[in-house]
Amino acid sequence: MPQKPVGSLLGVLPVRDDLRALEGYHSPQVDVRVRLNTNESPFPPPVEWRDALAAELSRVEWHRYPDRTADGLREAIAAWHGVSPEMVFAANGSNEVLQTILLTYAGAGRTVATFEPTYQMHAQIARVVGSTVVEGDRNDDFTLDPAEAERVVTASRPSVTFLTSPNNPTGLVEPADRVEQLLDLDAGLVVADEAYAQFADWSALTLVDDDRPLVVTRTFSKTWSMAGVRLGYAIGPTWFVRELEKVVLPYHLDTAKQIAGRLALRYVDDMNDRVRQIVSERERLSEALAAMPIDVTPSGANFILFRPQTIAGRELWQRLLDHSVLVRDCSGWPRLADCLRVTIGTVDENDAFLDALREILV
């Protein structure tokens with residue numbers, strides 16, 4: 001039988017109607033000297049972790065399935081946070097954690113609430129699983145007004161409400177009373193996305209227990225310098241974790257990932273040292289940016305959102321690229337006109353970024 005030309009089945013096998021307008025998550029990569037557009041750690045994990053990982057991998061029985069419930073990894077995460085292993089759910093990056101949460105507690109006929117601008121994948125995954133997304137608006141300074149939070153929850157009665165802290169891409173840390181307000185408003189399952197929590201001075205983990213519908217999600221990609229591993233987890237009530245285990249695919253977390261995460265937790269001091277260096281550089285960059293014709297958003301993360309005052313954001317992004325410095329262009333995103341975001345890099349990378357900015361703006 002003759003083969004059909006590529007693309008000829010597009011009209012025969014259409015995607016779901018509600019997916020046609022969606023686009024995938026993109027972070028363009030180009031060959032540059034200084035790459036500060038993705039929120040990775042500028043530092044590698046410790047050599048001792050690499051050696052320990054290599055040693056354990058050499059003894060893996062690769063012909064056997066991984067531990068389906070990832071008990072060793074969950075126990076290590078639980079011990080670090082001072083919770084029980086039954087409160088821990090691990091998956092392939094925090095995005096799979098979010099997807100599993102939404103497959104379990106949202107889906108068709110249910111509503112998911114976000115407060116924009118925030119992490120784009122919350123609304124993206126919610127729509128992919130068939131949920132209706134309701135977007136609340138943040139203030140001009142990107143803080144969340146309590147009245148707006150109440151309006152959104154009261155009007156939509158969401159099954160899941162996302163609150164990102166520190167928020168991406170703004171970097172702002174949500175106050176504890178905002179989380180408590182959402183819980184008091186009966187905002188469904190409240191998901192505190194804390195991918196950058198170790199760079200901040202407060203965490204919603206202190207509020208998690210079996211009597212509250214509150215979940216905190218974390219990742220190994222940022223502070224643990226393990227973006228290449230793709231490992232994330234959630235900490236929540238035991239009843240919440242039990243429900244996720246009904247939805248997640250069997251053996252979804254491979255053996256190598258489980259070992260990598262478990263071993264990383266032996267090197268907490270190294271992680272804390274890297275965090276201190278990044279926070280110190282973040283403060284240095286924030287002060288330097290504020291001394292230029294730039295509006296700077298206070299950050300509790302490993303990045304800074306900023307808006308130039310004398311040049312369009314897209315033009316500044318291109319001129320930085322001409323200097324072989326790549327940052328994230330947020331200028332075309334809703335509510336973020338002319339905004340750019342820079343990830344904190346090494347001292348040399350940050351100096352190159354500042355030198356390029358001064359040459360362009362001053």
# chains A, B, ... in the order shown; residues from 1 in each chain; ligands from 1
call {"tool": "residues_around", "arguments": {"residues": "Cys339 (chain A)", "least_positions_apart": "5", "cutoff": "9 Å", "atoms": "only C-alpha atoms", "output": "number ranges by chain"}}
result
A: 305-308, 312-314, 328-333
call {"tool": "residues_around", "arguments": {"residues": "Leu354 (chain A)", "least_positions_apart": "2", "cutoff": "8 Å", "atoms": "only C-alpha atoms", "output": "list of chain:residue names"}}
result
A:Leu285, A:Ala288, A:Leu289, A:Asn350, A:Asp351, A:Ala352, A:Ala356, A:Leu357, A:Arg358
call {"tool": "write_last_selection", "arguments": {"atoms": "N, CA, C and O atoms", "output": "PDB file, in the first residue's frame"}}
result
ATOM      1  N   LEU A 285      23.236  42.204  42.018  1.00  0.00           N
ATOM      2  CA  LEU A 285      22.647  42.552  40.736  1.00  0.00           C
ATOM      3  C   LEU A 285      21.460  43.487  40.895  1.00  0.00           C
ATOM      4  O   LEU A 285      21.292  44.432  40.107  1.00  0.00           O
ATOM      5  N   ALA A 288      22.751  46.946  41.431  1.00  0.00           N
ATOM      6  CA  ALA A 288      23.359  47.486  40.211  1.00  0.00           C
ATOM      7  C   ALA A 288      22.292  47.866  39.187  1.00  0.00           C
ATOM      8  O   ALA A 288      22.391  48.916  38.527  1.00  0.00           O
ATOM      9  N   LEU A 289      21.256  47.045  39.052  1.00  0.00           N
ATOM     10  CA  LEU A 289      20.185  47.347  38.102  1.00  0.00           C
ATOM     11  C   LEU A 289      19.424  48.596  38.522  1.00  0.00           C
ATOM     12  O   LEU A 289      19.059  49.435  37.694  1.00  0.00           O
ATOM     13  N   ASN A 350      27.541  37.300  35.678  1.00  0.00           N
ATOM     14  CA  ASN A 350      26.784  38.473  36.106  1.00  0.00           C
ATOM     15  C   ASN A 350      27.503  39.766  35.741  1.00  0.00           C
ATOM     16  O   ASN A 350      26.866  40.751  35.347  1.00  0.00           O
ATOM     17  N   ASP A 351      28.823  39.765  35.870  1.00  0.00           N
ATOM     18  CA  ASP A 351      29.592  40.945  35.476  1.00  0.00           C
ATOM     19  C   ASP A 351      29.453  41.214  33.981  1.00  0.00           C
ATOM     20  O   ASP A 351      29.319  42.371  33.555  1.00  0.00           O
ATOM     21  N   ALA A 352      29.485  40.167  33.178  1.00  0.00           N
ATOM     22  CA  ALA A 352      29.337  40.335  31.729  1.00  0.00           C
ATOM     23  C   ALA A 352      27.961  40.906  31.394  1.00  0.00           C
ATOM     24  O   ALA A 352      27.816  41.774  30.510  1.00  0.00           O
ATOM     25  N   ALA A 356      27.401  44.672  29.765  1.00  0.00           N
ATOM     26  CA  ALA A 356      26.637  44.848  28.528  1.00  0.00           C
ATOM     27  C   ALA A 356      25.496  45.845  28.739  1.00  0.00           C
ATOM     28  O   ALA A 356      25.247  46.716  27.889  1.00  0.00           O
ATOM     29  N   LEU A 357      24.808  45.732  29.867  1.00  0.00           N
ATOM     30  CA  LEU A 357      23.724  46.666  30.160  1.00  0.00           C
ATOM     31  C   LEU A 357      24.226  48.106  30.227  1.00  0.00           C
ATOM     32  O   LEU A 357      23.601  49.019  29.679  1.00  0.00           O
ATOM     33  N   ARG A 358      25.333  48.309  30.923  1.00  0.00           N
ATOM     34  CA  ARG A 358      25.872  49.671  31.071  1.00  0.00           C
ATOM     35  C   ARG A 358      26.254  50.242  29.706  1.00  0.00           C
ATOM     36  O   ARG A 358      26.019  51.435  29.439  1.00  0.00           O
TER      37      ARG A 358
END
call {"tool": "closest_residue", "arguments": {"among": "A:Ala227, A:Leu205, A:Ala91, A:Val134", "to": "Ser165 (chain A)", "atoms": "only C-alpha atoms"}}
result
A:Leu205
call {"tool": "select_by_dssp", "arguments": {"residues": "region 79-278 of chain A", "states": "alpha helix (DSSP H)", "output": "MDAnalysis selection string"}}
result
chainID A and resid 79:81 93:105 120:128 146:156 176:184 238:247 255:264 268:278
call {"tool": "residues_around", "arguments": {"residues": "Ala90 (chain A)", "least_positions_apart": "6", "cutoff": "12 Å", "atoms": "only C-alpha atoms", "output": "ChimeraX atom specification"}}
result
/A:68-78,96-98,100-101,216-220,230-236,241,244-245,248,251-254,257-258,261-262
call {"tool": "write_last_selection", "arguments": {"atoms": "C-alpha atoms", "output": "PDB file, in the first residue's frame"}}
result
ATOM      1  CA  ARG A  68       7.420   1.485  42.337  1.00  0.00           C
ATOM      2  CA  THR A  69       6.725   3.567  45.450  1.00  0.00           C
ATOM      3  CA  ALA A  70      10.233   5.130  45.636  1.00  0.00           C
ATOM      4  CA  ASP A  71      10.379   4.373  49.357  1.00  0.00           C
ATOM      5  CA  GLY A  72      14.067   5.195  49.872  1.00  0.00           C
ATOM      6  CA  LEU A  73      13.776   8.560  48.138  1.00  0.00           C
ATOM      7  CA  ARG A  74      10.539   9.473  49.920  1.00  0.00           C
ATOM      8  CA  GLU A  75      12.041   8.554  53.279  1.00  0.00           C
ATOM      9  CA  ALA A  76      15.078  10.768  52.613  1.00  0.00           C
ATOM     10  CA  ILE A  77      12.920  13.732  51.544  1.00  0.00           C
ATOM     11  CA  ALA A  78      10.637  13.218  54.530  1.00  0.00           C
ATOM     12  CA  GLU A  96       4.818  15.914  36.406  1.00  0.00           C
ATOM     13  CA  VAL A  97       3.907  16.510  40.037  1.00  0.00           C
ATOM     14  CA  LEU A  98       1.614  19.353  38.916  1.00  0.00           C
ATOM     15  CA  THR A 100      -0.623  14.395  38.479  1.00  0.00           C
ATOM     16  CA  ILE A 101      -2.272  16.780  40.940  1.00  0.00           C
ATOM     17  CA  VAL A 216       3.729  22.337  48.656  1.00  0.00           C
ATOM     18  CA  THR A 217       5.629  21.374  45.491  1.00  0.00           C
ATOM     19  CA  ARG A 218       9.420  21.478  45.175  1.00  0.00           C
ATOM     20  CA  THR A 219      12.117  20.582  42.652  1.00  0.00           C
ATOM     21  CA  PHE A 220      15.702  19.345  42.644  1.00  0.00           C
ATOM     22  CA  ARG A 230      14.263  16.022  36.262  1.00  0.00           C
ATOM     23  CA  LEU A 231      13.092  15.236  39.781  1.00  0.00           C
ATOM     24  CA  GLY A 232      10.395  16.968  41.780  1.00  0.00           C
ATOM     25  CA  TYR A 233       8.129  16.220  44.697  1.00  0.00           C
ATOM     26  CA  ALA A 234       5.097  17.326  46.669  1.00  0.00           C
ATOM     27  CA  ILE A 235       4.525  17.405  50.406  1.00  0.00           C
ATOM     28  CA  GLY A 236       0.919  17.296  51.488  1.00  0.00           C
ATOM     29  CA  VAL A 241      -0.695  11.441  48.465  1.00  0.00           C
ATOM     30  CA  LEU A 244      -2.152  10.677  43.579  1.00  0.00           C
ATOM     31  CA  GLU A 245      -0.889   7.108  43.721  1.00  0.00           C
ATOM     32  CA  VAL A 248       0.340   8.163  38.402  1.00  0.00           C
ATOM     33  CA  TYR A 251       7.092   2.619  37.662  1.00  0.00           C
ATOM     34  CA  HIS A 252       7.078   6.250  36.526  1.00  0.00           C
ATOM     35  CA  LEU A 253      10.199   7.157  38.525  1.00  0.00           C
ATOM     36  CA  ASP A 254      13.255   5.335  37.219  1.00  0.00           C
ATOM     37  CA  LYS A 257      16.460   9.258  39.408  1.00  0.00           C
ATOM     38  CA  GLN A 258      15.582   7.751  42.774  1.00  0.00           C
ATOM     39  CA  GLY A 261      17.719  12.338  44.661  1.00  0.00           C
ATOM     40  CA  ARG A 262      18.402  10.185  47.699  1.00  0.00           C
TER      41      ARG A 262
END
call {"tool": "residues_around", "arguments": {"residues": "Asn37 (chain A)", "least_positions_apart": "2", "cutoff": "7 Å", "atoms": "only C-alpha atoms", "output": "ChimeraX atom specification"}}
result
/A:35,39,326-328,342-343
call {"tool": "residues_around", "arguments": {"residues": "Pro298 (chain A)", "least_positions_apart": "6", "cutoff": "8 Å", "atoms": "only C-alpha atoms", "output": "ChimeraX atom specification"}}
result
/A:171-172,286,304
call {"tool": "write_last_selection", "arguments": {"atoms": "C-alpha atoms", "output": "short mmCIF file (atom, residue, chain, number, x, y, z; two decimals), in the first residue's frame"}}
result
data_model
loop_
_atom_site.label_atom_id
_atom_site.label_comp_id
_atom_site.auth_asym_id
_atom_site.auth_seq_id
_atom_site.Cartn_x
_atom_site.Cartn_y
_atom_site.Cartn_z
CA GLY A 171 10.30 36.72 42.05
CA LEU A 172 7.98 38.03 44.77
CA SER A 286 19.46 44.10 42.11
CA ILE A 304 15.26 39.13 38.75
#
call {"tool": "atom_distance", "arguments": {"atom1": "CA of His63 (chain A)", "atom2": "CA of Val229 (chain A)"}}
result
20.7 Å
call {"tool": "residues_around", "arguments": {"residues": "Pro117 (chain A)", "least_positions_apart": "2", "cutoff": "8 Å", "atoms": "only C-alpha atoms", "output": "list in words"}}
result
Phe115, Tyr119, Asp137, Arg138, Phe142, Asn168, Pro169, Thr170, Pro334, Arg335 and Leu336 of chain A
call {"tool": "select_by_dssp", "arguments": {"residues": "region 182-244 of chain A", "states": "strand (DSSP E or B)", "output": "list in words"}}
result
Leu189, Val190, Val191, Ala192, Asp193, Leu214, Val215, Val216, Thr217, Arg218, Thr219, Gly232, Tyr233, Ala234 and Ile235 of chain A
call {"tool": "write_last_selection", "arguments": {"atoms": "all heavy atoms", "output": "short mmCIF file (atom, residue, chain, number, x, y, z; two decimals), in the first residue's frame"}}
result
data_model
loop_
_atom_site.label_atom_id
_atom_site.label_comp_id
_atom_site.auth_asym_id
_atom_site.auth_seq_id
_atom_site.Cartn_x
_atom_site.Cartn_y
_atom_site.Cartn_z
N LEU A 189 -8.20 22.63 46.60
CA LEU A 189 -6.85 22.23 46.96
C LEU A 189 -5.91 23.40 46.65
O LEU A 189 -5.80 23.83 45.50
CB LEU A 189 -6.42 21.00 46.17
CG LEU A 189 -5.03 20.45 46.48
CD1 LEU A 189 -5.00 19.82 47.86
CD2 LEU A 189 -4.61 19.43 45.42
N VAL A 190 -5.26 23.94 47.66
CA VAL A 190 -4.32 25.05 47.47
C VAL A 190 -2.93 24.47 47.24
O VAL A 190 -2.39 23.76 48.10
CB VAL A 190 -4.33 25.99 48.69
CG1 VAL A 190 -3.29 27.11 48.49
CG2 VAL A 190 -5.72 26.57 48.90
N VAL A 191 -2.36 24.77 46.09
CA VAL A 191 -1.04 24.27 45.72
C VAL A 191 -0.05 25.42 45.78
O VAL A 191 -0.11 26.35 44.97
CB VAL A 191 -1.03 23.64 44.31
CG1 VAL A 191 0.37 23.13 43.97
CG2 VAL A 191 -2.06 22.51 44.22
N ALA A 192 0.85 25.39 46.76
CA ALA A 192 1.92 26.37 46.87
C ALA A 192 3.13 25.85 46.10
O ALA A 192 3.81 24.93 46.55
CB ALA A 192 2.28 26.62 48.33
N ASP A 193 3.36 26.40 44.93
CA ASP A 193 4.48 25.99 44.08
C ASP A 193 5.72 26.72 44.58
O ASP A 193 5.87 27.93 44.41
CB ASP A 193 4.17 26.35 42.63
CG ASP A 193 5.22 25.82 41.66
OD1 ASP A 193 6.37 25.55 42.09
OD2 ASP A 193 4.91 25.68 40.47
N LEU A 214 -3.78 21.75 51.75
CA LEU A 214 -2.62 22.53 51.30
C LEU A 214 -1.50 21.59 50.90
O LEU A 214 -1.17 20.65 51.63
CB LEU A 214 -2.14 23.47 52.41
CG LEU A 214 -0.81 24.20 52.16
CD1 LEU A 214 -0.94 25.17 50.99
CD2 LEU A 214 -0.34 24.92 53.42
N VAL A 215 -0.91 21.86 49.74
CA VAL A 215 0.18 21.05 49.20
C VAL A 215 1.31 21.98 48.79
O VAL A 215 1.07 23.06 48.24
CB VAL A 215 -0.29 20.26 47.96
CG1 VAL A 215 0.87 19.48 47.36
CG2 VAL A 215 -1.45 19.35 48.31
N VAL A 216 2.54 21.59 49.08
CA VAL A 216 3.73 22.34 48.66
C VAL A 216 4.49 21.50 47.64
O VAL A 216 4.76 20.32 47.88
CB VAL A 216 4.63 22.68 49.85
CG1 VAL A 216 5.97 23.24 49.38
CG2 VAL A 216 3.94 23.68 50.77
N THR A 217 4.84 22.08 46.50
CA THR A 217 5.63 21.37 45.49
C THR A 217 7.03 21.96 45.43
O THR A 217 7.22 23.18 45.57
CB THR A 217 4.97 21.44 44.10
OG1 THR A 217 4.86 22.81 43.67
CG2 THR A 217 3.58 20.81 44.14
N ARG A 218 8.00 21.09 45.23
CA ARG A 218 9.42 21.48 45.17
C ARG A 218 10.10 20.78 44.00
O ARG A 218 9.54 19.87 43.39
CB ARG A 218 10.12 21.09 46.48
CG ARG A 218 9.66 21.85 47.73
CD ARG A 218 10.28 23.24 47.78
NE ARG A 218 9.97 23.94 49.02
CZ ARG A 218 10.75 23.96 50.10
NH1 ARG A 218 11.88 23.27 50.12
NH2 ARG A 218 10.40 24.65 51.17
N THR A 219 11.34 21.18 43.73
CA THR A 219 12.12 20.58 42.65
C THR A 219 13.57 20.45 43.06
O THR A 219 14.07 21.21 43.90
CB THR A 219 12.02 21.44 41.37
OG1 THR A 219 12.83 20.87 40.35
CG2 THR A 219 12.50 22.87 41.63
N GLY A 232 11.15 16.05 40.94
CA GLY A 232 10.39 16.97 41.78
C GLY A 232 9.56 16.19 42.77
O GLY A 232 9.47 14.96 42.71
N TYR A 233 8.94 16.92 43.70
CA TYR A 233 8.13 16.22 44.70
C TYR A 233 7.10 17.17 45.28
O TYR A 233 7.18 18.40 45.12
CB TYR A 233 8.99 15.62 45.81
CG TYR A 233 9.82 16.60 46.61
CD1 TYR A 233 9.35 17.12 47.81
CD2 TYR A 233 11.08 17.00 46.17
CE1 TYR A 233 10.13 18.00 48.56
CE2 TYR A 233 11.85 17.88 46.91
CZ TYR A 233 11.36 18.38 48.11
OH TYR A 233 12.12 19.27 48.83
N ALA A 234 6.11 16.58 45.94
CA ALA A 234 5.10 17.33 46.67
C ALA A 234 5.07 16.84 48.10
O ALA A 234 5.31 15.66 48.37
CB ALA A 234 3.72 17.16 46.03
N ILE A 235 4.77 17.76 49.01
CA ILE A 235 4.52 17.41 50.41
C ILE A 235 3.12 17.88 50.75
O ILE A 235 2.80 19.06 50.56
CB ILE A 235 5.57 18.03 51.34
CG1 ILE A 235 6.93 17.40 51.06
CG2 ILE A 235 5.18 17.85 52.80
CD1 ILE A 235 8.05 17.93 51.92
#
call {"tool": "closest_residue", "arguments": {"among": "A:Ala197, A:Ala79, A:Val173, A:Val128", "to": "Val15 (chain A)", "atoms": "only C-alpha atoms"}}
result
A:Val128
call {"tool": "closest_residue", "arguments": {"among": "A:Gln124, A:Gln309, A:Thr114, A:Thr104", "to": "Ala149 (chain A)", "atoms": "only C-alpha atoms"}}
result
A:Thr114
call {"tool": "residues_around", "arguments": {"residues": "Asp177 (chain A)", "least_positions_apart": "3", "cutoff": "12 Å", "atoms": "only C-alpha atoms", "output": "list of chain:residue names"}}
result
A:Leu144, A:Asp145, A:Pro146, A:Ala149, A:Val173, A:Glu174, A:Glu180, A:Gln181, A:Leu182, A:Leu183, A:Asp184, A:Leu185, A:Trp202, A:Ser203, A:Ala204, A:Leu207
call {"tool": "atom_distance", "arguments": {"atom1": "CA of Gly300 (chain A)", "atom2": "CA of Gln29 (chain A)"}}
result
25.2 Å
